[in-house]
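A short worksheet on the structure shown next.
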Amino acid sequence: MDYLEFYGLREHPFSNVVDNRFYYNSKQHADALVKLKYAIDTRKGLAVVIGEVGSGKTTLARRLLEELDEERYEAALLVIIHSSVSSEWLLKKFALQLGINDVKDSKVEMLGQLYRRLQQIGEEGRTAVVLMDEVQMLKSREIMEEFRGLLNMEAPEGKMINLIFFGLQELEDVLSMDVPLRQRVAVRVKLKALSEEETMDYVRHRLRVAQSPRELFSPQALRAIYQYSKGLPRLINTICDNALLEGFLFKKEEIGEDIIRSVAVDLGLDGTS
């Protein structure tokens, strides 16, 4: 037996793997989606989402991608996993993500291919969108200038390509490497931590999705989860997952504040380490 069986859960409710079924549509996330869709549909060109570690940027990016209907949008998500990225590599990724076969090695030829592909997408009545996560890792003036070059491609109805950047606060500094690019940010969204009420609702929401038959956390435990997580979804998940495991080991039908406090100490979230 593991804690799923003990608590009557169909699946793990607090995994940090992005799963749109568990998406929690807080007011700020709902507002962010409206703003980002507006930027895309009006072909503004560049929108930016900034938030601290664990605030739900990647979750929001995946949700936005899921909501972009393939019949209306040519959309792709590119995650930057290291900082040693060249502008040629990035352009090639863009070309592949937008459906270009046999991408050329020459930057000039690649840009020509991208232009023709974006033209084709527009003629089909669709909108080209590239979502990029962890953009703060691209600490290169050359790459920022490349983005500006892509945004120079225009059609009568607006920009031929829409870029949505997701990143940490340092993304502001990266954009400042090319002031004209920073000035082109048409929509800027800042994700904040969840409130205490939202944190409690978030926990209950994820338990409902996992088909929990009852409340598993006491009201005091929920307040403690907010206290130690500071409303950051990633930390909420980690605390709750560990608390359910701890509760199972001690055969606790309900998770109390004492278990949350113990887990917070083990995770180094109590401010003593």
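Ordered as shown in the structure tokens, chains take letters A, B, and onward, while each chain numbers its residues from 1 and ligands are numbered from 1 in the order shown.
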
Write out as a ChimeraX atom specification each polymer residue whose atoms come within 6 Å of range 153-160 of chain A, counting only C-alpha atoms; drop sequence neighbours fewer than 3 positions from it.
/A:43,45,150

How would the residues just chosen look if you wrote them out with C-alpha atoms as a PDB file, in the first residue's frame?
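After the write, result-v6.pdb holds the following:
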ATOM      1  CA  ARG A  43      -0.498  40.539 -33.798  1.00  0.00           C
ATOM      2  CA  GLY A  45       4.560  40.903 -31.915  1.00  0.00           C
ATOM      3  CA  LEU A 150      12.090  38.709 -36.766  1.00  0.00           C
TER       4      LEU A 150
END

Residues of range 164-198 of chain A classed as strand (DSSP E or B) by DSSP on the backbone are to be reported as a ChimeraX atom specification.
/A:164-167,187-191

Determine, counting only C-alpha atoms, which protein, DNA and RNA residues have an atom within 7 Å of an atom of range 137-147 of chain A; residues of the same chain fewer than 2 positions away are not included. Present the result as number ranges by chain.
A: 82-83, 87, 134-135, 149-151, 174-175, 177-178

Could you take the residues named above and write them with all heavy atoms, as a tab-separated table (two decimals), in the first residue's frame?
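So again05.tsv came out as:
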chain	number	residue	atom	x	y	z
A	82	HIS	N	19.87	25.73	-21.81
A	82	HIS	CA	21.23	26.14	-21.47
A	82	HIS	C	21.51	27.50	-22.11
A	82	HIS	O	20.82	27.93	-23.03
A	82	HIS	CB	22.27	25.11	-21.92
A	82	HIS	CG	22.20	24.77	-23.38
A	82	HIS	ND1	22.80	25.54	-24.35
A	82	HIS	CD2	21.60	23.76	-24.03
A	82	HIS	CE1	22.57	25.01	-25.54
A	82	HIS	NE2	21.85	23.92	-25.37
A	83	SER	N	22.52	28.18	-21.60
A	83	SER	CA	22.78	29.56	-22.03
A	83	SER	C	23.67	29.65	-23.26
A	83	SER	O	23.71	30.69	-23.91
A	83	SER	CB	23.43	30.34	-20.88
A	83	SER	OG	24.62	29.70	-20.45
A	87	SER	N	22.71	32.33	-32.25
A	87	SER	CA	21.55	32.85	-33.00
A	87	SER	C	21.20	31.91	-34.14
A	87	SER	O	20.02	31.74	-34.49
A	87	SER	CB	21.85	34.25	-33.53
A	87	SER	OG	22.99	34.25	-34.36
A	134	GLU	N	12.05	30.18	-20.13
A	134	GLU	CA	13.40	30.37	-19.55
A	134	GLU	C	14.26	31.27	-20.44
A	134	GLU	O	15.46	31.04	-20.62
A	134	GLU	CB	14.10	29.02	-19.33
A	134	GLU	CG	13.33	28.03	-18.48
A	134	GLU	CD	13.20	28.46	-17.02
A	134	GLU	OE1	13.79	29.49	-16.63
A	134	GLU	OE2	12.49	27.76	-16.28
A	135	VAL	N	13.65	32.31	-20.98
A	135	VAL	CA	14.36	33.21	-21.91
A	135	VAL	C	15.47	34.00	-21.22
A	135	VAL	O	16.40	34.46	-21.87
A	135	VAL	CB	13.36	34.15	-22.61
A	135	VAL	CG1	14.06	35.08	-23.61
A	135	VAL	CG2	12.30	33.34	-23.35
A	149	GLY	N	14.91	41.52	-35.36
A	149	GLY	CA	14.85	41.34	-36.81
A	149	GLY	C	13.61	40.55	-37.22
A	149	GLY	O	12.94	40.88	-38.21
A	150	LEU	N	13.29	39.51	-36.46
A	150	LEU	CA	12.09	38.71	-36.77
A	150	LEU	C	10.82	39.56	-36.63
A	150	LEU	O	9.88	39.44	-37.42
A	150	LEU	CB	12.00	37.50	-35.82
A	150	LEU	CG	13.04	36.40	-36.04
A	150	LEU	CD1	12.94	35.37	-34.91
A	150	LEU	CD2	12.84	35.71	-37.39
A	151	LEU	N	10.82	40.44	-35.62
A	151	LEU	CA	9.64	41.27	-35.39
A	151	LEU	C	9.50	42.37	-36.45
A	151	LEU	O	8.46	43.03	-36.54
A	151	LEU	CB	9.69	41.88	-33.99
A	151	LEU	CG	9.53	40.87	-32.84
A	151	LEU	CD1	9.81	41.53	-31.50
A	151	LEU	CD2	8.14	40.26	-32.85
A	174	VAL	N	17.97	41.13	-19.60
A	174	VAL	CA	18.32	40.55	-20.90
A	174	VAL	C	17.69	41.37	-22.02
A	174	VAL	O	18.35	41.67	-23.03
A	174	VAL	CB	17.88	39.07	-20.97
A	174	VAL	CG1	18.07	38.53	-22.38
A	174	VAL	CG2	18.66	38.22	-19.98
A	175	LEU	N	16.44	41.74	-21.86
A	175	LEU	CA	15.77	42.57	-22.87
A	175	LEU	C	16.44	43.93	-23.02
A	175	LEU	O	16.48	44.50	-24.10
A	175	LEU	CB	14.30	42.75	-22.50
A	175	LEU	CG	13.39	41.53	-22.64
A	175	LEU	CD1	12.03	41.80	-22.00
A	175	LEU	CD2	13.23	41.11	-24.09
A	177	MET	N	19.43	44.54	-23.11
A	177	MET	CA	20.62	44.47	-23.98
A	177	MET	C	20.33	45.08	-25.35
A	177	MET	O	21.23	45.50	-26.05
A	177	MET	CB	21.07	43.02	-24.16
A	177	MET	CG	21.65	42.39	-22.93
A	177	MET	SD	22.16	40.68	-23.25
A	177	MET	CE	22.99	40.29	-21.71
A	178	ASP	N	19.05	45.08	-25.72
A	178	ASP	CA	18.65	45.70	-26.98
A	178	ASP	C	17.44	46.59	-26.68
A	178	ASP	O	16.30	46.12	-26.65
A	178	ASP	CB	18.30	44.64	-28.02
A	178	ASP	CG	18.09	45.23	-29.40
A	178	ASP	OD1	19.07	45.40	-30.14
A	178	ASP	OD2	16.93	45.54	-29.73

Considering only helix (DSSP H, G or I) as DSSP defines it on the backbone, what residues of range 205-234 of chain A qualify? List them as an MDAnalysis selection string.
chainID A and resid 205:209 219:229 233:234

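Counting only C-alpha atoms, the residue from A:Val34, A:Ala186, A:Val108, A:Leu194 that sits nearest to Arg234 in chain A is A:Leu194.
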
Selection near Glu66 in chain A, 12 Å with only C-alpha atoms, sequence-local residues under 4 positions removed, as a ChimeraX atom specification:
/A:19-21,23,33,59-62,70,73-77,131

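Considering only C-alpha atoms, the residue among A:Leu4, A:Ile40, A:Leu216, A:Met132 positioned nearest to Val203 in chain A is A:Leu216.
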
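One distance worth recording is that between CA of Leu90 in chain A and CA of Leu65 in chain A, which is 19.4 Å.
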
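CA of Arg117 in chain A to CA of Ile161 in chain A spans 10.4 Å [interatomic distance, one decimal].
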
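Distances from A:Glu67, A:Asp201, A:Asp102, A:Glu52 to Leu114 in chain A were compared using only C-alpha atoms, and the smallest one belongs to A:Asp102.
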
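Non-sequential neighbours of range 242-248 of chain A (distance at most 7 Å, separation of 2 or more positions within a chain, only C-alpha atoms) are Tyr3, Phe6, Thr238, Ile239, Cys240, Phe250, Lys251, Lys252, Ile255, Ile259, Ile260 and Val263 of chain A.
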
Among listed residues A:Arg63, A:Lys57, A:Arg116, A:Arg148, nearest Pro233 in chain A (using only C-alpha atoms):
A:Lys57

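The space separating CA of Gly256 in chain A from CA of Leu235 in chain A comes to 17.7 Å.
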
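With only C-alpha atoms as the atoms that count, the residue of A:Ala264, A:Leu269, A:Leu232, A:Leu191 with the shortest distance to Asn16 in chain A is A:Leu232.
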
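Close contacts of Gln113 in chain A, defined as residues with an atom at most 10 Å away when counting only C-alpha atoms, with chain neighbours fewer than 3 positions off set aside, comprise A:Ala95, A:Ile100, A:Asn101, A:Asp102, A:Val103, A:Lys104, A:Lys107, A:Val108, A:Glu109, A:Met110, A:Arg116, A:Arg117, A:Leu118, A:Gln119.
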
Go ahead and dump the residues you just picked, C-alpha atoms, as a PDB file, in the first residue's frame.
ATOM      1  CA  ALA A  95      12.247  27.158 -38.585  1.00  0.00           C
ATOM      2  CA  ILE A 100      10.046  24.164 -42.405  1.00  0.00           C
ATOM      3  CA  ASN A 101      11.700  21.086 -43.858  1.00  0.00           C
ATOM      4  CA  ASP A 102      15.316  20.992 -45.055  1.00  0.00           C
ATOM      5  CA  VAL A 103      16.397  24.076 -43.108  1.00  0.00           C
ATOM      6  CA  LYS A 104      19.434  25.751 -44.673  1.00  0.00           C
ATOM      7  CA  LYS A 107      21.565  32.470 -41.697  1.00  0.00           C
ATOM      8  CA  VAL A 108      20.530  34.561 -44.705  1.00  0.00           C
ATOM      9  CA  GLU A 109      18.896  31.552 -46.365  1.00  0.00           C
ATOM     10  CA  MET A 110      17.226  30.545 -43.088  1.00  0.00           C
ATOM     11  CA  ARG A 116       8.283  32.599 -46.872  1.00  0.00           C
ATOM     12  CA  ARG A 117       6.862  30.200 -44.282  1.00  0.00           C
ATOM     13  CA  LEU A 118       5.368  33.048 -42.234  1.00  0.00           C
ATOM     14  CA  GLN A 119       3.883  34.456 -45.431  1.00  0.00           C
TER      15      GLN A 119
END
